[in-house]
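Engineer: This structure is in structure tokens; I'll ask about it shortly.
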Amino acid sequence: MISRVSAPSALALLVSFSALNAGLASAAEEMDHSKMSHGQMQGMDHSKMNQGSAETVPTTTSRTPIPVLTDADREAAFPPLPGHGIHDSKANTFFLLDQLEYQDADEGSVLSWDASGWIGGDIDRLWLRSEGERTNGVTEEAEVQALWGHSIGPWWDVVTGIRQDFKPGSPQTWGAFGLQGMALYAFEAEATAFVGENGQTAARLEGDYDILLTNRLILQPTAEANFYGKNDHERGVGSGLANTEVGLRLRYEIVREFAPYIGVTWSRSYGNTADMLRDDGEDVEEARFVAGIRMWF
């Protein structure tokens, strides 16, 4: 049997349900914070909100608390640093065979060399230099220098010592004093004065510069000038500017310590030296093709 509800009762239920929905909507509208201004939110007492849920969240503490930092911990983390090491008490060595080359000269094939090296520390070093030529298997020029070098700056050394000439002519000993180092733009320079036997004096200026075409292909121009205080017919040199030589060598560094090269040189004699060469029927200027190797260790 289906029970029937009277019309007045149904109407009363409908009115009650509508009133309940209206109350819920009004409560939701009151809690809509998006419609509240910032000032209204500041006036709210947030400390009384969600008290029940805050009480249910447990608080935790670390089982291994971080210890208090002590001075011993700081010293262990940052130990005192040692001072700057000075290496001048340690003996180091360096040797450079700058030129070991074949030259195509007018009088035949020439083997030429130019080498230098040192042993010592940062401040004081013993320098050794040697250069010379052999033409058609005969030594035409040969000399060795032993110099004590003292650093007077980051790039310059003062040198003093002796020079021994073996050729040309009879052997001759010189006292030497000079300056060597690196000028602006990595230009290597040497200026040395000599005082020889019988009051002979001489001076030599040398310089070279490396132009990096690539990391391994390097073009090196060089220049040298020799001066003498008086004529020396036995060795074929005259007073004043005796001779100059300029060169241009292109090397390829297979490794940094070893590089083959090719190039050209041009030499010229002047003044009394040129007159002596003319009297002997020799040329006062000459250009040569060169090929050789450069190495250091």
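Ordered as shown in the structure tokens, chains take letters A, B, and onward, while each chain numbers its residues from 1 and ligands are numbered from 1 in the order shown.
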Using only C-alpha atoms, I'd like a table of the residues in segment 166-211 of chain A that come within 12 Å of segment 230-250 of chain A; for each, show the closest atom pair and its distance in Å rounded to one decimal, ordered by chain and ascending number, as a Markdown table.

Structural biologist:
```
| residue | atom | partner | partner_atom | distance |
| --- | --- | --- | --- | --- |
| A:Phe166 | CA | A:Arg235 | CA | 10.9 |
| A:Lys167 | CA | A:Arg235 | CA | 8.2 |
| A:Pro168 | CA | A:Arg235 | CA | 5.6 |
| A:Gly169 | CA | A:Arg235 | CA | 5.3 |
| A:Ser170 | CA | A:Glu234 | CA | 8.2 |
| A:Pro171 | CA | A:Arg235 | CA | 10.2 |
| A:Gln172 | CA | A:Arg235 | CA | 10.3 |
| A:Val195 | CA | A:Lys230 | CA | 11.6 |
| A:Gly196 | CA | A:Lys230 | CA | 11.2 |
| A:Glu197 | CA | A:Asp232 | CA | 11.4 |
| A:Asn198 | CA | A:Lys230 | CA | 10.5 |
| A:Gly199 | CA | A:Lys230 | CA | 8.9 |
| A:Gln200 | CA | A:Lys230 | CA | 6.6 |
| A:Thr201 | CA | A:Lys230 | CA | 7.3 |
| A:Ala202 | CA | A:Lys230 | CA | 8.7 |
| A:Ala203 | CA | A:Leu241 | CA | 9.4 |
| A:Arg204 | CA | A:Thr244 | CA | 9.8 |
| A:Leu205 | CA | A:Thr244 | CA | 9.5 |
| A:Glu206 | CA | A:Glu245 | CA | 9.6 |
| A:Gly207 | CA | A:Val246 | CA | 9.6 |
| A:Asp208 | CA | A:Gly247 | CA | 9.2 |
| A:Tyr209 | CA | A:Leu248 | CA | 10.0 |
| A:Asp210 | CA | A:Leu250 | CA | 9.7 |
| A:Ile211 | CA | A:Leu250 | CA | 9.5 |
```

Engineer: Do you know which residues are at most 9 Å from Thr93 of chain A counting only C-alpha atoms, after dropping those on the same chain fewer than 5 positions away, and could you put them as a PDB file with all heavy atoms, in the first residue's frame?

Structural biologist:
```
ATOM      1  N   GLY A 117     122.535  27.550 -22.467  1.00  0.00           N
ATOM      2  CA  GLY A 117     121.944  26.803 -21.368  1.00  0.00           C
ATOM      3  C   GLY A 117     122.352  27.401 -20.046  1.00  0.00           C
ATOM      4  O   GLY A 117     123.241  28.264 -19.973  1.00  0.00           O
ATOM      5  N   TRP A 118     121.705  26.960 -18.975  1.00  0.00           N
ATOM      6  CA  TRP A 118     122.044  27.476 -17.649  1.00  0.00           C
ATOM      7  C   TRP A 118     121.780  26.419 -16.593  1.00  0.00           C
ATOM      8  O   TRP A 118     121.009  25.481 -16.786  1.00  0.00           O
ATOM      9  CB  TRP A 118     121.282  28.765 -17.341  1.00  0.00           C
ATOM     10  CG  TRP A 118     119.774  28.666 -17.406  1.00  0.00           C
ATOM     11  CD1 TRP A 118     118.976  29.014 -18.439  1.00  0.00           C
ATOM     12  CD2 TRP A 118     118.892  28.187 -16.372  1.00  0.00           C
ATOM     13  NE1 TRP A 118     117.657  28.792 -18.159  1.00  0.00           N
ATOM     14  CE2 TRP A 118     117.579  28.287 -16.874  1.00  0.00           C
ATOM     15  CE3 TRP A 118     119.085  27.691 -15.086  1.00  0.00           C
ATOM     16  CZ2 TRP A 118     116.460  27.907 -16.137  1.00  0.00           C
ATOM     17  CZ3 TRP A 118     117.962  27.307 -14.338  1.00  0.00           C
ATOM     18  CH2 TRP A 118     116.680  27.427 -14.860  1.00  0.00           C
ATOM     19  N   ILE A 119     122.416  26.603 -15.446  1.00  0.00           N
ATOM     20  CA  ILE A 119     122.197  25.791 -14.265  1.00  0.00           C
ATOM     21  C   ILE A 119     122.204  26.722 -13.063  1.00  0.00           C
ATOM     22  O   ILE A 119     123.050  27.611 -12.962  1.00  0.00           O
ATOM     23  CB  ILE A 119     123.257  24.675 -14.127  1.00  0.00           C
ATOM     24  CG1 ILE A 119     123.001  23.856 -12.850  1.00  0.00           C
ATOM     25  CG2 ILE A 119     124.666  25.234 -14.138  1.00  0.00           C
ATOM     26  CD1 ILE A 119     123.873  22.625 -12.738  1.00  0.00           C
ATOM     27  N   GLY A 120     121.224  26.563 -12.168  1.00  0.00           N
ATOM     28  CA  GLY A 120     121.150  27.433 -10.998  1.00  0.00           C
ATOM     29  C   GLY A 120     119.735  27.591 -10.505  1.00  0.00           C
ATOM     30  O   GLY A 120     118.857  26.775 -10.783  1.00  0.00           O
ATOM     31  N   GLY A 121     119.501  28.665  -9.773  1.00  0.00           N
ATOM     32  CA  GLY A 121     118.195  28.928  -9.188  1.00  0.00           C
ATOM     33  C   GLY A 121     117.484  30.078  -9.857  1.00  0.00           C
ATOM     34  O   GLY A 121     117.757  30.428 -11.008  1.00  0.00           O
ATOM     35  N   PHE A 297     115.553  21.160 -23.675  1.00  0.00           N
ATOM     36  CA  PHE A 297     115.178  20.269 -22.572  1.00  0.00           C
ATOM     37  C   PHE A 297     115.740  20.804 -21.273  1.00  0.00           C
ATOM     38  O   PHE A 297     116.588  21.706 -21.279  1.00  0.00           O
ATOM     39  CB  PHE A 297     115.633  18.830 -22.843  1.00  0.00           C
ATOM     40  CG  PHE A 297     117.098  18.682 -23.097  1.00  0.00           C
ATOM     41  CD1 PHE A 297     117.990  18.537 -22.024  1.00  0.00           C
ATOM     42  CD2 PHE A 297     117.608  18.697 -24.383  1.00  0.00           C
ATOM     43  CE1 PHE A 297     119.347  18.393 -22.264  1.00  0.00           C
ATOM     44  CE2 PHE A 297     118.956  18.550 -24.613  1.00  0.00           C
ATOM     45  CZ  PHE A 297     119.837  18.395 -23.560  1.00  0.00           C
TER      46      PHE A 297
END
```

Engineer: Based on DSSP run over this structure's backbone, return all residues of segment 227-284 of chain A in strand (DSSP E), as a PyMOL selection string.

Structural biologist: chain A and resi 227-228+240-252+258-269

Engineer: Nearest to Glu140 of chain A among A:Leu97, A:Val290, A:Met276, A:Leu111, with distances taken over only C-alpha atoms: which residue is it?

Structural biologist: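 Closest to Glu140 of chain A, using only C-alpha atoms: A:Leu111.
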
Engineer: Report as a ChimeraX atom specification all protein, DNA and RNA residues lying within 8 Å of Glu143 of chain A, evaluated on only C-alpha atoms, omitting residues in the same chain fewer than 3 positions from it.

Structural biologist: /A:130-132,163-167

Engineer: Could you write out the selected residues, including all heavy atoms, as a PDB file, in the first residue's frame?

Structural biologist:
```pdb
ATOM      1  N   SER A 130     127.394  28.979 -26.841  1.00  0.00           N
ATOM      2  CA  SER A 130     128.339  28.552 -27.870  1.00  0.00           C
ATOM      3  C   SER A 130     127.723  28.805 -29.243  1.00  0.00           C
ATOM      4  O   SER A 130     126.518  28.615 -29.443  1.00  0.00           O
ATOM      5  CB  SER A 130     128.672  27.058 -27.724  1.00  0.00           C
ATOM      6  OG  SER A 130     129.563  26.648 -28.750  1.00  0.00           O
ATOM      7  N   GLU A 131     128.556  29.233 -30.182  1.00  0.00           N
ATOM      8  CA  GLU A 131     128.131  29.391 -31.563  1.00  0.00           C
ATOM      9  C   GLU A 131     129.337  29.261 -32.484  1.00  0.00           C
ATOM     10  O   GLU A 131     130.487  29.442 -32.054  1.00  0.00           O
ATOM     11  CB  GLU A 131     127.433  30.728 -31.787  1.00  0.00           C
ATOM     12  CG  GLU A 131     128.282  31.948 -31.531  1.00  0.00           C
ATOM     13  CD  GLU A 131     127.506  33.239 -31.774  1.00  0.00           C
ATOM     14  OE1 GLU A 131     126.671  33.591 -30.919  1.00  0.00           O
ATOM     15  OE2 GLU A 131     127.732  33.863 -32.834  1.00  0.00           O
ATOM     16  N   GLY A 132     129.060  28.920 -33.741  1.00  0.00           N
ATOM     17  CA  GLY A 132     130.151  28.749 -34.696  1.00  0.00           C
ATOM     18  C   GLY A 132     129.671  28.224 -36.032  1.00  0.00           C
ATOM     19  O   GLY A 132     128.471  28.001 -36.243  1.00  0.00           O
ATOM     20  N   ARG A 163     134.817  34.748 -22.387  1.00  0.00           N
ATOM     21  CA  ARG A 163     134.531  34.217 -23.725  1.00  0.00           C
ATOM     22  C   ARG A 163     135.841  33.709 -24.314  1.00  0.00           C
ATOM     23  O   ARG A 163     136.858  34.405 -24.259  1.00  0.00           O
ATOM     24  CB  ARG A 163     133.922  35.305 -24.605  1.00  0.00           C
ATOM     25  CG  ARG A 163     133.967  35.026 -26.100  1.00  0.00           C
ATOM     26  CD  ARG A 163     133.459  36.227 -26.885  1.00  0.00           C
ATOM     27  NE  ARG A 163     133.899  36.214 -28.272  1.00  0.00           N
ATOM     28  CZ  ARG A 163     133.706  37.213 -29.139  1.00  0.00           C
ATOM     29  NH1 ARG A 163     133.072  38.314 -28.738  1.00  0.00           N
ATOM     30  NH2 ARG A 163     134.150  37.126 -30.373  1.00  0.00           N
ATOM     31  N   GLN A 164     135.768  32.541 -24.864  1.00  0.00           N
ATOM     32  CA  GLN A 164     136.958  31.939 -25.483  1.00  0.00           C
ATOM     33  C   GLN A 164     136.693  31.726 -26.964  1.00  0.00           C
ATOM     34  O   GLN A 164     135.763  31.004 -27.340  1.00  0.00           O
ATOM     35  CB  GLN A 164     137.297  30.606 -24.813  1.00  0.00           C
ATOM     36  CG  GLN A 164     138.512  29.898 -25.388  1.00  0.00           C
ATOM     37  CD  GLN A 164     139.805  30.684 -25.159  1.00  0.00           C
ATOM     38  OE1 GLN A 164     140.035  31.211 -24.072  1.00  0.00           O
ATOM     39  NE2 GLN A 164     140.627  30.791 -26.198  1.00  0.00           N
ATOM     40  N   ASP A 165     137.496  32.375 -27.815  1.00  0.00           N
ATOM     41  CA  ASP A 165     137.420  32.184 -29.261  1.00  0.00           C
ATOM     42  C   ASP A 165     138.458  31.144 -29.686  1.00  0.00           C
ATOM     43  O   ASP A 165     139.625  31.224 -29.289  1.00  0.00           O
ATOM     44  CB  ASP A 165     137.695  33.493 -29.995  1.00  0.00           C
ATOM     45  CG  ASP A 165     136.559  34.489 -29.865  1.00  0.00           C
ATOM     46  OD1 ASP A 165     135.520  34.119 -29.270  1.00  0.00           O
ATOM     47  OD2 ASP A 165     136.719  35.635 -30.332  1.00  0.00           O
ATOM     48  N   PHE A 166     138.033  30.184 -30.498  1.00  0.00           N
ATOM     49  CA  PHE A 166     138.941  29.181 -31.050  1.00  0.00           C
ATOM     50  C   PHE A 166     139.288  29.483 -32.508  1.00  0.00           C
ATOM     51  O   PHE A 166     140.392  29.211 -32.966  1.00  0.00           O
ATOM     52  CB  PHE A 166     138.315  27.791 -30.932  1.00  0.00           C
ATOM     53  CG  PHE A 166     138.019  27.399 -29.507  1.00  0.00           C
ATOM     54  CD1 PHE A 166     136.743  27.559 -28.976  1.00  0.00           C
ATOM     55  CD2 PHE A 166     139.002  26.878 -28.696  1.00  0.00           C
ATOM     56  CE1 PHE A 166     136.472  27.205 -27.664  1.00  0.00           C
ATOM     57  CE2 PHE A 166     138.741  26.511 -27.385  1.00  0.00           C
ATOM     58  CZ  PHE A 166     137.468  26.673 -26.867  1.00  0.00           C
ATOM     59  N   LYS A 167     138.336  30.005 -33.234  1.00  0.00           N
ATOM     60  CA  LYS A 167     138.502  30.397 -34.627  1.00  0.00           C
ATOM     61  C   LYS A 167     137.681  31.653 -34.841  1.00  0.00           C
ATOM     62  O   LYS A 167     136.665  31.868 -34.142  1.00  0.00           O
ATOM     63  CB  LYS A 167     138.020  29.281 -35.571  1.00  0.00           C
ATOM     64  CG  LYS A 167     138.875  28.018 -35.542  1.00  0.00           C
ATOM     65  CD  LYS A 167     140.201  28.216 -36.237  1.00  0.00           C
ATOM     66  CE  LYS A 167     140.997  26.926 -36.295  1.00  0.00           C
ATOM     67  NZ  LYS A 167     142.260  27.058 -37.037  1.00  0.00           N
TER      68      LYS A 167
END
```

Engineer: Would you please work out which residue, of A:Tyr252, A:Trp113, A:Phe289, A:Trp155, is nearest to Gln99 of chain A when using only C-alpha atoms?

Structural biologist: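 Nearest to Gln99 of chain A: A:Trp113.
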
Engineer: Please, what distance in Å, to one decimal, runs between atom CA of Phe95 of chain A and atom CA of Phe227 of chain A?

Structural biologist: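 Between atom CA of Phe95 of chain A and atom CA of Phe227 of chain A the gap works out to 27.4 Å.
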
Engineer: Work out how far apart atom CA of Ala146 of chain A and atom CA of Gly161 of chain A are and give it in Å to one decimal.

Structural biologist: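 Atom CA of Gly161 of chain A lies 5.7 Å from atom CA of Ala146 of chain A.
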